[in-house]
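> Just input-v3.txt, nothing more (compact mmCIF, N, CA and C atoms):
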# COMPACT_ATOMS: atom_id res chain seq x y z
N MET K 140 71.77 107.93 89.94
CA MET K 140 71.83 106.85 90.90
C MET K 140 70.44 106.24 91.06
N LYS K 141 70.41 104.92 91.17
CA LYS K 141 69.14 104.21 91.34
C LYS K 141 69.25 103.31 92.57
N ASN K 142 68.29 103.43 93.49
CA ASN K 142 68.25 102.56 94.65
C ASN K 142 67.70 101.19 94.27
N ILE K 143 68.28 100.15 94.83
CA ILE K 143 67.84 98.78 94.58
C ILE K 143 67.27 98.21 95.87
N SER K 144 66.10 97.59 95.76
CA SER K 144 65.49 96.90 96.89
C SER K 144 65.20 95.47 96.44
N ALA K 145 65.60 94.50 97.24
CA ALA K 145 65.45 93.09 96.89
C ALA K 145 64.43 92.42 97.81
N GLU K 146 63.33 91.96 97.24
CA GLU K 146 62.30 91.31 98.04
C GLU K 146 62.77 90.00 98.67
N GLN K 147 63.74 89.33 98.05
CA GLN K 147 64.23 88.04 98.55
C GLN K 147 65.36 88.18 99.57
N ALA K 148 65.73 89.40 99.90
CA ALA K 148 66.76 89.65 100.91
C ALA K 148 66.09 90.20 102.16
N PRO K 149 66.75 90.10 103.30
CA PRO K 149 66.17 90.67 104.52
C PRO K 149 65.97 92.17 104.38
N GLU K 150 64.93 92.67 104.99
CA GLU K 150 64.66 94.10 104.98
C GLU K 150 65.82 94.84 105.63
N ALA K 151 66.16 95.99 105.09
CA ALA K 151 67.22 96.82 105.68
C ALA K 151 66.85 97.17 107.12
N ILE K 152 67.84 97.14 108.01
CA ILE K 152 67.57 97.42 109.43
C ILE K 152 67.94 98.85 109.80
N GLY K 153 68.10 99.69 108.79
CA GLY K 153 68.44 101.09 109.02
C GLY K 153 68.03 101.93 107.82
N PRO K 154 68.40 103.20 107.83
CA PRO K 154 68.02 104.11 106.75
C PRO K 154 68.97 104.00 105.55
N TYR K 155 68.92 102.87 104.87
CA TYR K 155 69.77 102.64 103.70
C TYR K 155 69.06 101.68 102.76
N SER K 156 69.54 101.62 101.53
CA SER K 156 68.98 100.69 100.55
C SER K 156 69.86 99.44 100.48
N HIS K 157 69.33 98.38 99.90
CA HIS K 157 70.13 97.18 99.70
C HIS K 157 71.35 97.47 98.83
N ALA K 158 71.14 98.28 97.81
CA ALA K 158 72.24 98.60 96.89
C ALA K 158 71.89 99.87 96.14
N ASN K 159 72.90 100.43 95.52
CA ASN K 159 72.73 101.55 94.61
C ASN K 159 73.43 101.22 93.30
N GLU K 160 72.77 101.56 92.21
CA GLU K 160 73.35 101.42 90.88
C GLU K 160 73.81 102.79 90.42
N ALA K 161 75.07 102.86 89.99
CA ALA K 161 75.61 104.12 89.49
C ALA K 161 76.73 103.82 88.51
N GLY K 162 76.67 104.42 87.34
CA GLY K 162 77.73 104.28 86.37
C GLY K 162 78.03 102.85 85.95
N GLY K 163 76.99 102.02 85.83
CA GLY K 163 77.18 100.64 85.41
C GLY K 163 77.70 99.72 86.50
N MET K 164 77.76 100.23 87.72
CA MET K 164 78.25 99.43 88.86
C MET K 164 77.17 99.35 89.94
N LEU K 165 77.26 98.30 90.74
CA LEU K 165 76.38 98.12 91.89
C LEU K 165 77.21 98.21 93.16
N TYR K 166 76.71 98.97 94.10
CA TYR K 166 77.36 99.13 95.39
C TYR K 166 76.39 98.59 96.43
N LEU K 167 76.70 97.41 96.94
CA LEU K 167 75.80 96.76 97.89
C LEU K 167 76.14 97.16 99.32
N SER K 168 75.10 97.42 100.09
CA SER K 168 75.27 97.61 101.52
C SER K 168 75.70 96.29 102.13
N GLY K 169 76.36 96.36 103.27
CA GLY K 169 76.78 95.14 103.95
C GLY K 169 75.60 94.27 104.29
N GLN K 170 75.79 92.98 104.11
CA GLN K 170 74.77 92.00 104.47
C GLN K 170 75.27 91.18 105.65
N ILE K 171 74.35 90.87 106.54
CA ILE K 171 74.64 89.99 107.67
C ILE K 171 73.72 88.78 107.56
N PRO K 172 73.90 87.76 108.38
CA PRO K 172 73.13 86.54 108.22
C PRO K 172 71.72 86.58 108.81
N LEU K 173 70.91 87.47 108.26
CA LEU K 173 69.51 87.52 108.66
C LEU K 173 68.70 86.61 107.75
N GLU K 174 67.73 85.93 108.32
CA GLU K 174 66.81 85.09 107.54
C GLU K 174 65.84 86.05 106.86
N PRO K 175 65.72 86.01 105.53
CA PRO K 175 64.91 87.00 104.82
C PRO K 175 63.44 87.09 105.27
N LYS K 176 62.81 85.98 105.55
CA LYS K 176 61.38 86.01 105.88
C LYS K 176 61.10 86.56 107.27
N THR K 177 61.98 86.24 108.24
CA THR K 177 61.73 86.66 109.62
C THR K 177 62.53 87.87 110.05
N GLY K 178 63.64 88.13 109.35
CA GLY K 178 64.52 89.21 109.75
C GLY K 178 65.36 88.89 110.97
N GLU K 179 65.31 87.63 111.40
CA GLU K 179 66.07 87.21 112.58
C GLU K 179 67.46 86.72 112.19
N LEU K 180 68.42 86.97 113.07
CA LEU K 180 69.77 86.46 112.88
C LEU K 180 69.74 84.94 112.96
N ILE K 181 70.34 84.27 111.98
CA ILE K 181 70.38 82.81 112.05
C ILE K 181 71.40 82.41 113.11
N GLN K 182 71.11 81.34 113.77
CA GLN K 182 72.02 80.81 114.77
C GLN K 182 72.98 79.85 114.09
N GLY K 183 74.09 79.59 114.71
CA GLY K 183 75.03 78.64 114.14
C GLY K 183 76.43 79.19 114.12
N ASN K 184 77.32 78.37 113.60
CA ASN K 184 78.73 78.73 113.57
C ASN K 184 79.01 79.72 112.44
N ILE K 185 80.28 80.08 112.30
CA ILE K 185 80.65 81.06 111.28
C ILE K 185 80.34 80.56 109.88
N ALA K 186 80.46 79.26 109.64
CA ALA K 186 80.16 78.72 108.30
C ALA K 186 78.69 78.94 107.97
N ALA K 187 77.79 78.64 108.89
CA ALA K 187 76.35 78.82 108.66
C ALA K 187 76.03 80.30 108.47
N GLN K 188 76.64 81.15 109.28
CA GLN K 188 76.37 82.58 109.15
C GLN K 188 76.92 83.13 107.83
N THR K 189 78.07 82.64 107.41
CA THR K 189 78.64 83.10 106.14
C THR K 189 77.78 82.65 104.97
N GLU K 190 77.30 81.41 105.00
CA GLU K 190 76.41 80.90 103.93
C GLU K 190 75.18 81.79 103.80
N GLN K 191 74.55 82.14 104.91
CA GLN K 191 73.34 82.97 104.85
C GLN K 191 73.67 84.38 104.35
N THR K 192 74.78 84.92 104.80
CA THR K 192 75.20 86.25 104.35
C THR K 192 75.37 86.26 102.83
N ILE K 193 76.04 85.25 102.29
CA ILE K 193 76.26 85.17 100.85
C ILE K 193 74.95 84.94 100.11
N HIS K 194 74.06 84.14 100.68
CA HIS K 194 72.73 83.95 100.09
C HIS K 194 72.03 85.31 99.96
N ASN K 195 72.12 86.14 100.99
CA ASN K 195 71.49 87.47 100.96
C ASN K 195 72.14 88.36 99.90
N ILE K 196 73.46 88.28 99.76
CA ILE K 196 74.16 89.05 98.72
C ILE K 196 73.67 88.62 97.34
N LYS K 197 73.56 87.32 97.12
CA LYS K 197 73.11 86.81 95.83
C LYS K 197 71.70 87.31 95.52
N ALA K 198 70.84 87.39 96.53
CA ALA K 198 69.47 87.88 96.31
C ALA K 198 69.47 89.34 95.88
N VAL K 199 70.31 90.15 96.49
CA VAL K 199 70.39 91.57 96.12
C VAL K 199 70.96 91.71 94.71
N LEU K 200 72.02 90.96 94.42
CA LEU K 200 72.61 91.02 93.08
C LEU K 200 71.58 90.62 92.02
N LYS K 201 70.83 89.58 92.27
CA LYS K 201 69.82 89.12 91.32
C LYS K 201 68.75 90.19 91.10
N ALA K 202 68.30 90.80 92.18
CA ALA K 202 67.27 91.85 92.07
C ALA K 202 67.77 93.03 91.25
N ALA K 203 69.07 93.25 91.28
CA ALA K 203 69.66 94.37 90.54
C ALA K 203 70.04 94.01 89.11
N GLY K 204 69.90 92.73 88.76
CA GLY K 204 70.24 92.30 87.40
C GLY K 204 71.69 91.90 87.25
N SER K 205 72.27 91.36 88.31
CA SER K 205 73.66 90.92 88.26
C SER K 205 73.77 89.58 88.97
N ASP K 206 74.99 89.12 89.18
CA ASP K 206 75.21 87.88 89.92
C ASP K 206 76.59 87.90 90.54
N ILE K 207 76.86 86.89 91.34
CA ILE K 207 78.09 86.86 92.14
C ILE K 207 79.35 86.80 91.28
N SER K 208 79.25 86.31 90.07
CA SER K 208 80.43 86.25 89.19
C SER K 208 80.86 87.65 88.74
N ARG K 209 80.01 88.64 88.92
CA ARG K 209 80.30 90.02 88.50
C ARG K 209 80.87 90.87 89.63
N VAL K 210 81.06 90.28 90.81
CA VAL K 210 81.62 91.02 91.94
C VAL K 210 83.09 91.31 91.67
N VAL K 211 83.47 92.59 91.81
CA VAL K 211 84.86 92.98 91.57
C VAL K 211 85.62 93.27 92.86
N LYS K 212 84.88 93.54 93.95
CA LYS K 212 85.53 93.86 95.23
C LYS K 212 84.59 93.49 96.37
N SER K 213 85.13 92.87 97.39
CA SER K 213 84.36 92.62 98.60
C SER K 213 85.13 93.14 99.80
N THR K 214 84.38 93.55 100.80
CA THR K 214 84.95 93.90 102.09
C THR K 214 84.23 93.05 103.12
N CYS K 215 85.03 92.32 103.89
CA CYS K 215 84.49 91.34 104.84
C CYS K 215 84.87 91.76 106.25
N PHE K 216 83.91 91.63 107.13
CA PHE K 216 84.11 92.01 108.53
C PHE K 216 83.84 90.78 109.39
N LEU K 217 84.78 90.45 110.25
CA LEU K 217 84.62 89.33 111.18
C LEU K 217 84.81 89.84 112.60
N THR K 218 84.03 89.32 113.53
CA THR K 218 84.21 89.72 114.92
C THR K 218 85.31 88.91 115.60
N ASP K 219 85.77 87.85 114.95
CA ASP K 219 86.83 87.02 115.54
C ASP K 219 87.69 86.45 114.41
N MET K 220 88.93 86.86 114.33
CA MET K 220 89.82 86.37 113.27
C MET K 220 90.14 84.88 113.44
N ASN K 221 89.81 84.29 114.57
CA ASN K 221 89.93 82.84 114.71
C ASN K 221 88.95 82.12 113.80
N ASP K 222 87.93 82.82 113.32
CA ASP K 222 86.94 82.27 112.39
C ASP K 222 87.40 82.36 110.93
N PHE K 223 88.56 82.98 110.69
CA PHE K 223 88.97 83.29 109.32
C PHE K 223 89.03 82.06 108.41
N THR K 224 89.64 80.98 108.84
CA THR K 224 89.81 79.82 107.97
C THR K 224 88.46 79.23 107.58
N GLU K 225 87.57 79.06 108.54
CA GLU K 225 86.25 78.50 108.24
C GLU K 225 85.44 79.46 107.36
N PHE K 226 85.50 80.75 107.66
CA PHE K 226 84.86 81.77 106.83
C PHE K 226 85.41 81.69 105.40
N ASN K 227 86.72 81.64 105.28
CA ASN K 227 87.37 81.66 103.98
C ASN K 227 86.98 80.44 103.14
N ASN K 228 86.81 79.29 103.77
CA ASN K 228 86.40 78.08 103.04
C ASN K 228 85.03 78.26 102.40
N VAL K 229 84.09 78.83 103.14
CA VAL K 229 82.75 79.08 102.59
C VAL K 229 82.83 80.16 101.50
N TYR K 230 83.53 81.22 101.78
CA TYR K 230 83.68 82.33 100.83
C TYR K 230 84.23 81.83 99.50
N ALA K 231 85.27 81.01 99.56
CA ALA K 231 85.94 80.51 98.34
C ALA K 231 85.01 79.67 97.47
N ARG K 232 84.08 78.95 98.07
CA ARG K 232 83.13 78.14 97.29
C ARG K 232 82.18 79.00 96.46
N HIS K 233 81.89 80.19 96.93
CA HIS K 233 80.92 81.06 96.25
C HIS K 233 81.57 82.10 95.36
N PHE K 234 82.65 82.69 95.80
CA PHE K 234 83.32 83.75 95.04
C PHE K 234 84.43 83.14 94.19
N THR K 235 84.03 82.32 93.24
CA THR K 235 85.01 81.59 92.42
C THR K 235 85.73 82.49 91.43
N SER K 236 85.20 83.68 91.16
CA SER K 236 85.88 84.61 90.25
C SER K 236 87.03 85.35 90.96
N LYS K 237 87.17 85.13 92.24
CA LYS K 237 88.24 85.71 93.06
C LYS K 237 88.33 87.23 92.95
N PRO K 238 87.28 87.94 93.39
CA PRO K 238 87.34 89.40 93.36
C PRO K 238 88.40 89.91 94.34
N ALA K 239 88.80 91.16 94.16
CA ALA K 239 89.66 91.80 95.15
C ALA K 239 88.92 91.79 96.49
N ARG K 240 89.68 91.73 97.59
CA ARG K 240 89.00 91.59 98.89
C ARG K 240 89.84 92.20 100.00
N SER K 241 89.13 92.75 100.96
CA SER K 241 89.70 93.13 102.25
C SER K 241 88.93 92.36 103.30
N CYS K 242 89.61 91.94 104.35
CA CYS K 242 88.95 91.24 105.46
C CYS K 242 89.54 91.78 106.75
N VAL K 243 88.69 92.34 107.58
CA VAL K 243 89.16 92.96 108.81
C VAL K 243 88.37 92.47 110.01
N ALA K 244 89.01 92.55 111.17
CA ALA K 244 88.33 92.22 112.43
C ALA K 244 87.72 93.50 112.99
N VAL K 245 86.52 93.36 113.51
CA VAL K 245 85.82 94.47 114.15
C VAL K 245 85.35 94.02 115.52
N SER K 246 85.07 94.97 116.40
CA SER K 246 84.69 94.60 117.76
C SER K 246 83.26 94.08 117.85
N ALA K 247 82.38 94.53 116.96
CA ALA K 247 80.99 94.08 117.00
C ALA K 247 80.32 94.39 115.67
N LEU K 248 79.25 93.64 115.38
CA LEU K 248 78.44 93.85 114.18
C LEU K 248 76.97 93.90 114.59
N PRO K 249 76.11 94.46 113.72
CA PRO K 249 74.68 94.56 114.06
C PRO K 249 74.07 93.21 114.43
N ARG K 250 73.17 93.26 115.39
CA ARG K 250 72.39 92.11 115.83
C ARG K 250 73.22 90.96 116.38
N GLY K 251 74.48 91.21 116.69
CA GLY K 251 75.34 90.15 117.23
C GLY K 251 75.90 89.22 116.18
N SER K 252 75.83 89.62 114.92
CA SER K 252 76.37 88.81 113.83
C SER K 252 77.87 88.62 114.00
N ARG K 253 78.38 87.51 113.48
CA ARG K 253 79.81 87.24 113.49
C ARG K 253 80.48 87.65 112.18
N VAL K 254 79.66 87.96 111.14
CA VAL K 254 80.19 88.28 109.82
C VAL K 254 79.29 89.30 109.13
N GLU K 255 79.93 90.16 108.34
CA GLU K 255 79.22 91.07 107.44
C GLU K 255 80.07 91.18 106.17
N ILE K 256 79.40 91.20 105.03
CA ILE K 256 80.11 91.33 103.75
C ILE K 256 79.40 92.38 102.90
N GLU K 257 80.21 93.29 102.33
CA GLU K 257 79.68 94.24 101.36
C GLU K 257 80.45 94.02 100.07
N VAL K 258 79.79 94.28 98.94
CA VAL K 258 80.44 94.05 97.65
C VAL K 258 80.16 95.19 96.67
N ILE K 259 81.04 95.27 95.68
CA ILE K 259 80.87 96.12 94.52
C ILE K 259 80.87 95.19 93.32
N ALA K 260 79.89 95.34 92.43
CA ALA K 260 79.75 94.44 91.29
C ALA K 260 79.41 95.20 90.03
N GLU K 261 79.74 94.60 88.90
CA GLU K 261 79.34 95.14 87.61
C GLU K 261 77.90 94.73 87.32
N LEU K 262 77.19 95.57 86.61
CA LEU K 262 75.89 95.16 86.10
C LEU K 262 76.10 94.21 84.94
N CYS K 263 75.20 93.27 84.78
CA CYS K 263 75.27 92.39 83.61
C CYS K 263 74.92 93.22 82.38
N GLN K 264 75.60 92.95 81.29
CA GLN K 264 75.34 93.65 80.03
C GLN K 264 74.08 93.06 79.38
N THR K 265 73.22 93.93 78.91
CA THR K 265 72.03 93.48 78.17
C THR K 265 72.23 93.82 76.70
N THR K 266 71.71 92.96 75.85
CA THR K 266 71.86 93.21 74.41
C THR K 266 70.52 93.47 73.77
When written as structure tokens, how does the structure in this file appear?

Amino acid sequence: MKNISAEQAPEAIGPYSHANEAGGMLYLSGQIPLEPKTGELIQGNIAAQTEQTIHNIKAVLKAAGSDISRVVKSTCFLTDMNDFTEFNNVYARHFTSKPARSCVAVSALPRGSRVEIEVIAELCQTT
């Protein structure tokens, strides 16, 4: 197993790594809409928070040598299922490969975030 740390993603806010590589797969820790340079939660609606969350996922994938097209499974957490349609619209623009997905409502997320997404992705093949 290899720990992955992404300089372009927000610093982890707990005792975990951005991702782990094992067996040709990447297992990303959940990302929330933190601004990478300040570590602060971005303000705004669910669409803005989802965009930032996905931006952070892309940064971790890139640091690990992969990209969003290689995501095979995502798990999405929302604090309000009334946000589902707007969240889903942003999600669909980025996850065009349509990975398997679970989306659940939770009572709260770190730092007051409205969304968190974790993914499992394949490593890009090198020749």
> Just asking: which residues within chain K are helix (DSSP H, G or I) according to DSSP, as a PyMOL selection string?
chain K and resi 185-203+207-209+220-233+249-251
> For range 165-231 of chain K versus range 248-265 of chain K, which residues have an atom no more than 8 Å away, and what is each residue's nearest atom pair and distance in Å rounded to one decimal, using only N, CA and C atoms, chain-then-number order, as a tab-separated table?

residue	atom	partner	partner_atom	distance
K:Leu165	N	K:Ala260	C	3.8
K:Tyr166	CA	K:Ile259	CA	4.7
K:Leu167	N	K:Val258	C	4.1
K:Ser168	C	K:Glu257	CA	4.5
K:Gly169	CA	K:Ile256	C	3.9
K:Gln170	N	K:Ile256	C	3.9
K:Ile171	CA	K:Glu255	CA	4.7
K:Pro172	N	K:Val254	C	5.7
K:Leu173	N	K:Ser252	CA	7.9
K:Leu180	CA	K:Arg250	C	6.7
K:Ile181	N	K:Ser252	CA	7.8
K:Asn184	C	K:Arg253	CA	7.6
K:Ile185	CA	K:Arg253	CA	6.6
K:Gln188	C	K:Val254	CA	6.4
K:Thr189	N	K:Val254	CA	6.5
K:Thr192	CA	K:Ile256	N	6.5
K:Ile193	N	K:Ile256	N	7.4
K:Ile196	CA	K:Ile256	C	7.5
K:Ala203	C	K:Leu262	CA	6.7
K:Gly204	C	K:Cys263	N	4.5
K:Ser205	CA	K:Cys263	N	4.5
K:Asp206	N	K:Cys263	N	6.1
K:Ile207	C	K:Ala260	CA	7.7
K:Ser208	C	K:Glu261	N	7.0
K:Arg209	C	K:Glu261	N	4.0
K:Val210	CA	K:Ala260	CA	4.0
K:Val211	N	K:Ile259	C	4.0
K:Lys212	C	K:Ile259	N	4.0
K:Ser213	CA	K:Val258	CA	4.3
K:Thr214	N	K:Glu257	C	4.0
K:Cys215	CA	K:Ile256	CA	4.5
K:Phe216	N	K:Glu255	C	4.0
K:Leu217	CA	K:Arg253	C	4.6
K:Thr218	N	K:Arg253	C	4.1
K:Asp219	N	K:Arg253	C	6.0
> Report the distance between CA of Lys176 in chain K and CA of Cys242 in chain K in Å, rounded to one decimal place.
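So the two atoms, CA of Lys176 in chain K and CA of Cys242 in chain K, lie 28.1 Å apart.
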> How would you write, as JSON, numbers by chain, the set of residues in chain K that DSSP gives as strand (DSSP E or B)?
{"K": [141, 142, 143, 158, 159, 160, 161, 164, 165, 166, 167, 170, 173, 180, 210, 211, 212, 213, 214, 215, 216, 217, 239, 240, 241, 242, 243, 244, 254, 255, 256, 257, 258, 259, 260, 261]}
> Step by step: start from the point (68.8, 103.8, 94.2) in the file's coordinates, keep every protein, DNA or RNA residue that has an atom no farther than 8 Å from it, count only N, CA and C atoms, and write the set as a compact mmCIF listing (two decimals) with N, CA and C atoms, in the frame of the given file.

# COMPACT_ATOMS: atom_id res chain seq x y z
N MET K 140 71.77 107.93 89.94
CA MET K 140 71.83 106.85 90.90
C MET K 140 70.44 106.24 91.06
N LYS K 141 70.41 104.92 91.17
CA LYS K 141 69.14 104.21 91.34
C LYS K 141 69.25 103.31 92.57
N ASN K 142 68.29 103.43 93.49
CA ASN K 142 68.25 102.56 94.65
C ASN K 142 67.70 101.19 94.27
N ILE K 143 68.28 100.15 94.83
CA ILE K 143 67.84 98.78 94.58
C ILE K 143 67.27 98.21 95.87
N SER K 144 66.10 97.59 95.76
CA SER K 144 65.49 96.90 96.89
C SER K 144 65.20 95.47 96.44
N SER K 156 69.54 101.62 101.53
CA SER K 156 68.98 100.69 100.55
C SER K 156 69.86 99.44 100.48
N HIS K 157 69.33 98.38 99.90
CA HIS K 157 70.13 97.18 99.70
C HIS K 157 71.35 97.47 98.83
N ALA K 158 71.14 98.28 97.81
CA ALA K 158 72.24 98.60 96.89
C ALA K 158 71.89 99.87 96.14
N ASN K 159 72.90 100.43 95.52
CA ASN K 159 72.73 101.55 94.61
C ASN K 159 73.43 101.22 93.30
N GLU K 160 72.77 101.56 92.21
CA GLU K 160 73.35 101.42 90.88
C GLU K 160 73.81 102.79 90.42
N ALA K 161 75.07 102.86 89.99
CA ALA K 161 75.61 104.12 89.49
C ALA K 161 76.73 103.82 88.51
> Rounded to one decimal, what separation in Å do you get between CA of Thr177 in chain K and atom N of Phe223 in chain K?
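Between these atoms lies a distance of 27.1 Å.
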> Report the distance between CA of Ala239 in chain K and CA of Asn227 in chain K in Å, rounded to one decimal place.
13.6 Å
> Between K:Met220, K:Ile152, K:Ala187, K:Ala145, which residue has the minimum interatomic distance to Leu200 in chain K, considering all atoms listed in the file?
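For Leu200 in chain K, the nearest of the candidates is K:Ala145.
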> Quick one: 4 Å padding each side, axis-aligned, all listed atoms of range 230-237 of chain K - centre and edge lengths in Å to one decimal, as AutoDock Vina command-line options?

--center_x 84.6 --center_y 82.7 --center_z 96.0 --size_x 15.4 --size_y 17.1 --size_z 19.5
> Under the rule that only N, CA and C atoms are counted, which of K:Asn221, K:Gly178, K:Arg240, K:Val229 is the nearest residue to Glu150 in chain K?
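Comparing K:Asn221, K:Gly178, K:Arg240, K:Val229 against Glu150 in chain K, the winner is K:Gly178.
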